[in-house]
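Undergrad: The structure that follows is given in the form of structure tokens.
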Amino acid sequence: MSARILDGKAIAARLRARLAERIATLTYKPGLVVVRVGDDPASGVYVRNKDKAAKDAGFDSRTIHLPAETTQQALLAQIAALNVDPSVDGILVQLPLPAQIDAQAAINAVDPAKDVDGFHPINAGRLASGQPGLVPCTPRGVMHLLAESGAPTRGVRAVVLGRSQIVGRPMAQLLLAADCTVTIAHSRTADLAAECARADILVAAVGRPEMVRGDWVKPGAVVLDVGINRLADGRLVGDVAYAECAERAAAITPVPGGVGPMTIACLLENTLDAALARRG
Ligand code: NDP
């Protein structure tokens with residue numbers, strides 16, 4: 001079998017176009033503010049891409065770039081000001097933050113109604129207890145890709161590799177909400193290959209280049225690769241050995257061009273959701 005490729009670039013472009021159409025019907029531009037602290041070069045690229053995608057779709061997007069030596073107190077004061085600014089619908093604090101700042105304190109300071117990253121414990125708690133709230137962007141993007149695959153979710157086995165707060169855990173919650181039977185595997189899991197081989201839906205979010213081998217994949221499974229790993233030779237690969245796994249899967253996401261583009265599109269989707277919930 002040769003897998004259908006889930007083209008995240010094209011699917012994200014369609015999602016952004018749908019969001020732009022909905023924004024064009026509003027009497028205001030939903031406001032997104034990205035707060036960046038310091039000069040982490042990768043963050044610079046992400047922040048520029050987010051800003052461009054947001055502006056292109058019709059959002060009122062801006063970036064607040066604070067110096068690397070910003071104190072935690074100053075960052076929290078900045079977030080507090082954005083929380084009460086009525087023109088701001090979504091606040092994203094770009095991670096990583098410099099060492100003097102406790103990232104969790106910054107996340108906790110964002111008004112949950114404007115927490116478009118979906119990282120605030122209130123939103124994580126809502127997701128875990130099946131209540132509506134803002135959902136982390138990458139897992140939300142994976143659910144869109146899964147829907148595009150056309151594969152059923154009810155009653156099927158899903159395995160999530162990775163248990164981070166930003167990907168693995170919320171991913172598992174979303175799959176559970178979609179009626180999958182969910183297993184979360186991690187670095188202490190006894191037999192990863194055996195767990196994966198049972199998966200009708202396999203999501204890899206570990207940050208280990210090409211760790212998932214072809215013979216770990218159940219024939220006909222949907223394989224969604226969240227990993228982004230830069231090899232010594234400069235190539236970008238996922239957590240899944242793509243060519244081998246594509247031989248067995250029914251559908252698979254490439255890296256790059258799979259889950260990655262969906263993350264920004266879902267940030268915009270979250271910002272529109274936050275704006276509509278707040279402003280009616
Ligand atoms: P974290 O490092 O926070 O978490 C990695 C998880 O993988 C942990 O739960 C860890 O287990 C598990 N893990 C690590 N090594 C192994 C192993 N050998 N076997 C089994 N499990 C293992 O990473 P993130 O969740 O933040 O990100 C995961 C990947 O996704 C990265 O490559 C990252 O770059 C990418 N990413 C991509 C995004 C996108 O937009 N496409 C967005 C966010 C992340 P344990 O808990 O036991 O330590």
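The way I read the labels, and the way they are meant: chains A, B, ... in the order of the structure tokens, residue 1 as the first residue of every chain, and ligand 1 as the first ligand shown, with later ones counted on from there.
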Listing only residues of chain A within 9 Å of ligand 1, what is the closest atom pair and its distance in Å (to one decimal) for each, using only C-alpha atoms and all ligand atoms, sorted by chain and residue number ascending, as a Markdown table?

TA:
```
| residue | atom | partner | partner_atom_place_in_ligand_line | distance |
| --- | --- | --- | --- | --- |
| A:Cys137 | CA | ligand 1 | 40 (O) | 7.9 |
| A:Thr138 | CA | ligand 1 | 40 (O) | 5.4 |
| A:Pro139 | CA | ligand 1 | 42 (C) | 8.5 |
| A:Gly141 | CA | ligand 1 | 40 (O) | 8.5 |
| A:Leu161 | CA | ligand 1 | 21 (N) | 5.9 |
| A:Gly162 | CA | ligand 1 | 7 (O) | 3.7 |
| A:Arg163 | CA | ligand 1 | 9 (O) | 3.7 |
| A:Ser164 | CA | ligand 1 | 25 (O) | 4.5 |
| A:Gln165 | CA | ligand 1 | 25 (O) | 7.0 |
| A:Ile166 | CA | ligand 1 | 25 (O) | 5.9 |
| A:Val167 | CA | ligand 1 | 25 (O) | 4.7 |
| A:Gly168 | CA | ligand 1 | 25 (O) | 5.8 |
| A:Arg169 | CA | ligand 1 | 9 (O) | 8.6 |
| A:Ile184 | CA | ligand 1 | 9 (O) | 8.9 |
| A:Ala185 | CA | ligand 1 | 21 (N) | 6.4 |
| A:His186 | CA | ligand 1 | 21 (N) | 3.6 |
| A:Ser187 | CA | ligand 1 | 21 (N) | 3.6 |
| A:Arg188 | CA | ligand 1 | 47 (O) | 5.4 |
| A:Thr189 | CA | ligand 1 | 20 (C) | 6.7 |
| A:Leu192 | CA | ligand 1 | 20 (C) | 6.9 |
| A:Ala204 | CA | ligand 1 | 29 (C) | 7.6 |
| A:Ala205 | CA | ligand 1 | 28 (C) | 4.1 |
| A:Val206 | CA | ligand 1 | 7 (O) | 3.3 |
| A:Gly207 | CA | ligand 1 | 32 (O) | 3.1 |
| A:Arg208 | CA | ligand 1 | 15 (N) | 6.2 |
| A:Pro209 | CA | ligand 1 | 32 (O) | 7.8 |
| A:Met211 | CA | ligand 1 | 18 (N) | 7.5 |
| A:Asp225 | CA | ligand 1 | 41 (N) | 7.8 |
| A:Val226 | CA | ligand 1 | 41 (N) | 4.7 |
| A:Gly227 | CA | ligand 1 | 32 (O) | 3.5 |
| A:Ile228 | CA | ligand 1 | 32 (O) | 4.1 |
| A:Asn229 | CA | ligand 1 | 32 (O) | 5.5 |
| A:Gly238 | CA | ligand 1 | 32 (O) | 6.9 |
| A:Asp239 | CA | ligand 1 | 32 (O) | 6.8 |
| A:Val255 | CA | ligand 1 | 41 (N) | 8.5 |
| A:Pro256 | CA | ligand 1 | 41 (N) | 8.5 |
| A:Gly258 | CA | ligand 1 | 41 (N) | 7.6 |
| A:Val259 | CA | ligand 1 | 41 (N) | 4.8 |
| A:Gly260 | CA | ligand 1 | 41 (N) | 3.6 |
| A:Pro261 | CA | ligand 1 | 40 (O) | 6.9 |
| A:Met262 | CA | ligand 1 | 40 (O) | 7.1 |
| A:Thr263 | CA | ligand 1 | 40 (O) | 4.9 |
| A:Ile264 | CA | ligand 1 | 40 (O) | 7.6 |
```

Undergrad: Within stretch 110-268 of chain A, find each residue whose DSSP state, derived from the backbone, is strand (DSSP E or B), and express the selection as a list in words.

TA: Asp115, Arg157, Ala158, Val159, Val160, Leu161, Thr181, Val182, Thr183, Ile184, Ala185, Ile201, Leu202, Val203, Ala204, Val212, Val222, Val223, Leu224, Asp225, Asn229, Arg230, Leu236, Val237, Val240, Ala251 and Ile252 of chain A

Undergrad: Now that the selection is made, can you save its residues with N, CA and C atoms as a CSV table (one decimal), in the first residue's frame?

TA:
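Wrote it out as part_11.csv, contents follow:
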```
chain,number,residue,atom,x,y,z
A,115,ASP,N,-6.4,33.3,25.8
A,115,ASP,CA,-5.3,32.3,25.8
A,115,ASP,C,-5.3,31.5,24.5
A,157,ARG,N,-8.5,2.5,17.8
A,157,ARG,CA,-7.4,2.7,18.7
A,157,ARG,C,-6.4,3.8,18.3
A,158,ALA,N,-6.2,4.8,19.1
A,158,ALA,CA,-5.3,5.8,18.8
A,158,ALA,C,-4.1,5.7,19.8
A,159,VAL,N,-2.9,5.9,19.3
A,159,VAL,CA,-1.7,5.9,20.2
A,159,VAL,C,-1.0,7.3,20.0
A,160,VAL,N,-0.8,8.0,21.1
A,160,VAL,CA,0.0,9.2,21.0
A,160,VAL,C,1.3,9.0,21.6
A,161,LEU,N,2.4,9.2,20.9
A,161,LEU,CA,3.7,9.1,21.4
A,161,LEU,C,4.1,10.5,21.9
A,181,THR,N,-10.2,5.0,21.4
A,181,THR,CA,-9.6,4.4,22.6
A,181,THR,C,-8.1,4.7,22.6
A,182,VAL,N,-7.7,5.5,23.6
A,182,VAL,CA,-6.5,6.2,23.5
A,182,VAL,C,-5.4,5.7,24.4
A,183,THR,N,-4.2,5.5,23.9
A,183,THR,CA,-3.0,5.1,24.7
A,183,THR,C,-2.0,6.3,24.6
A,184,ILE,N,-1.4,6.7,25.7
A,184,ILE,CA,-0.4,7.7,25.6
A,184,ILE,C,0.9,6.9,26.0
A,185,ALA,N,1.9,7.0,25.0
A,185,ALA,CA,3.2,6.3,25.3
A,185,ALA,C,4.3,7.4,25.4
A,201,ILE,N,-4.8,5.0,14.6
A,201,ILE,CA,-4.3,6.4,14.4
A,201,ILE,C,-3.1,6.5,15.3
A,202,LEU,N,-2.0,6.9,14.6
A,202,LEU,CA,-0.7,7.1,15.4
A,202,LEU,C,-0.2,8.5,15.3
A,203,VAL,N,-0.1,9.2,16.4
A,203,VAL,CA,0.4,10.5,16.4
A,203,VAL,C,1.8,10.5,17.1
A,204,ALA,N,2.8,11.0,16.4
A,204,ALA,CA,4.2,11.0,17.0
A,204,ALA,C,4.6,12.4,17.3
A,212,VAL,N,10.0,6.3,14.6
A,212,VAL,CA,8.9,5.4,14.3
A,212,VAL,C,9.3,4.7,13.0
A,222,VAL,N,-3.6,5.6,10.1
A,222,VAL,CA,-3.3,7.0,9.7
A,222,VAL,C,-2.2,7.5,10.6
A,223,VAL,N,-1.1,8.0,10.0
A,223,VAL,CA,0.1,8.4,10.7
A,223,VAL,C,0.3,9.9,10.7
A,224,LEU,N,0.3,10.5,11.8
A,224,LEU,CA,0.4,12.0,11.9
A,224,LEU,C,1.6,12.4,12.7
A,225,ASP,N,2.5,13.0,12.0
A,225,ASP,CA,3.9,13.3,12.5
A,225,ASP,C,4.1,14.7,12.9
A,229,ASN,N,12.6,17.8,13.3
A,229,ASN,CA,14.0,17.6,13.8
A,229,ASN,C,14.9,18.0,12.7
A,230,ARG,N,15.9,18.8,13.0
A,230,ARG,CA,16.9,19.2,12.0
A,230,ARG,C,18.1,18.3,12.2
A,236,LEU,N,15.4,18.5,7.3
A,236,LEU,CA,14.3,18.5,8.3
A,236,LEU,C,13.6,17.2,8.2
A,237,VAL,N,13.5,16.5,9.3
A,237,VAL,CA,12.7,15.2,9.3
A,237,VAL,C,11.8,15.2,10.5
A,240,VAL,N,8.9,10.3,12.4
A,240,VAL,CA,8.4,9.1,11.6
A,240,VAL,C,9.4,8.9,10.5
A,251,ALA,N,-2.8,6.8,5.3
A,251,ALA,CA,-2.6,8.2,5.1
A,251,ALA,C,-1.5,8.7,6.0
A,252,ILE,N,-0.7,9.7,5.6
A,252,ILE,CA,0.4,10.1,6.4
A,252,ILE,C,0.7,11.6,6.1
```

Undergrad: I'd like the interatomic distance between atom CA of A:Glu244 and atom CA of A:Arg213, to a tenth of an Å.

TA: 6.6 Å

Undergrad: Quick one: of A:Lys114, A:Arg140, A:Arg16, A:Arg198, who's nearest to A:Asp273, counting only C-alpha atoms?

TA: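 Selected residue with least distance to A:Asp273: A:Lys114.
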
Undergrad: As a VMD selection string, please: all residues of stretch 68-150 of chain A that backbone DSSP puts in alpha helix (DSSP H).

TA: chain A and resid 72 to 83 103 to 109 121 to 128 137 to 149

Undergrad: Neighbouring residues of stretch 90-97 of chain A were defined as those with any atom within 7 Å, considering only C-alpha atoms; residues of the same chain fewer than 4 positions away were excluded. Please report them as a VMD selection string.

TA: chain A and resid 31 to 37 101 103 114 to 117 271 274

Undergrad: Write the selection just made, keeping N, CA, C and O atoms, as a short mmCIF file (atom, residue, chain, number, x, y, z; two decimals), in the first residue's frame?

TA:
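As a result, again_10.cif now contains:
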```
data_model
loop_
_atom_site.label_atom_id
_atom_site.label_comp_id
_atom_site.auth_asym_id
_atom_site.auth_seq_id
_atom_site.Cartn_x
_atom_site.Cartn_y
_atom_site.Cartn_z
N GLY A 31 -8.17 40.97 17.22
CA GLY A 31 -6.82 41.41 17.56
C GLY A 31 -5.97 40.29 18.15
O GLY A 31 -6.39 39.61 19.08
N LEU A 32 -4.80 40.11 17.58
CA LEU A 32 -3.84 39.10 18.08
C LEU A 32 -2.54 39.80 18.44
O LEU A 32 -2.00 40.55 17.62
N VAL A 33 -2.05 39.57 19.65
CA VAL A 33 -0.76 40.14 20.06
C VAL A 33 0.19 39.01 20.44
O VAL A 33 -0.16 38.17 21.29
N VAL A 34 1.34 38.97 19.80
CA VAL A 34 2.39 38.01 20.16
C VAL A 34 3.43 38.77 20.99
O VAL A 34 3.92 39.82 20.55
N VAL A 35 3.72 38.24 22.17
CA VAL A 35 4.74 38.85 23.02
C VAL A 35 6.00 38.01 22.91
O VAL A 35 5.99 36.81 23.22
N ARG A 36 7.05 38.64 22.43
CA ARG A 36 8.33 37.95 22.27
C ARG A 36 9.34 38.59 23.22
O ARG A 36 9.43 39.83 23.28
N VAL A 37 10.08 37.78 23.94
CA VAL A 37 11.09 38.31 24.86
C VAL A 37 12.45 37.78 24.42
O VAL A 37 12.65 36.57 24.33
N ILE A 101 12.83 34.16 33.59
CA ILE A 101 11.36 34.20 33.62
C ILE A 101 10.80 32.78 33.74
O ILE A 101 11.20 31.87 33.01
N ALA A 103 8.27 30.37 32.82
CA ALA A 103 7.32 30.31 31.69
C ALA A 103 5.91 30.00 32.18
O ALA A 103 4.93 30.56 31.67
N LYS A 114 -8.41 34.87 26.52
CA LYS A 114 -7.54 35.37 25.43
C LYS A 114 -6.36 34.42 25.18
O LYS A 114 -5.46 34.74 24.41
N ASP A 115 -6.39 33.27 25.82
CA ASP A 115 -5.26 32.32 25.80
C ASP A 115 -5.30 31.48 24.51
O ASP A 115 -5.68 30.31 24.53
N VAL A 116 -4.90 32.10 23.39
CA VAL A 116 -5.07 31.43 22.09
C VAL A 116 -4.07 30.29 21.86
O VAL A 116 -4.20 29.54 20.91
N ASP A 117 -3.08 30.16 22.77
CA ASP A 117 -2.21 28.98 22.73
C ASP A 117 -2.88 27.80 23.42
O ASP A 117 -2.45 26.66 23.24
N THR A 271 -7.94 32.44 17.60
CA THR A 271 -8.10 33.88 17.83
C THR A 271 -9.50 34.33 17.39
O THR A 271 -10.15 35.13 18.08
N ALA A 274 -11.90 33.13 20.00
CA ALA A 274 -11.81 33.95 21.22
C ALA A 274 -12.53 35.28 21.00
O ALA A 274 -13.25 35.77 21.88
#
```

Undergrad: Write out as a PyMOL selection string which residues come within 12 Å of A:Thr71 when counting only C-alpha atoms, dropping same-chain ones fewer than 5 positions away.

TA: chain A and resi 37-38+66+76-78+97-103+106

Undergrad: Residues at most 6 Å from stretch 45-60 of chain A, counting only C-alpha atoms, excluding those fewer than 4 positions away in the same chain, as a list in words?

TA: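 The filter keeps Ala20, Lys29, Pro30 and Gly31 of chain A.
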
Undergrad: Provide the atom CA of A:Leu272 to atom CA of A:Val84 distance in Å, to one decimal place.

TA: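 The value is 17.8 Å.
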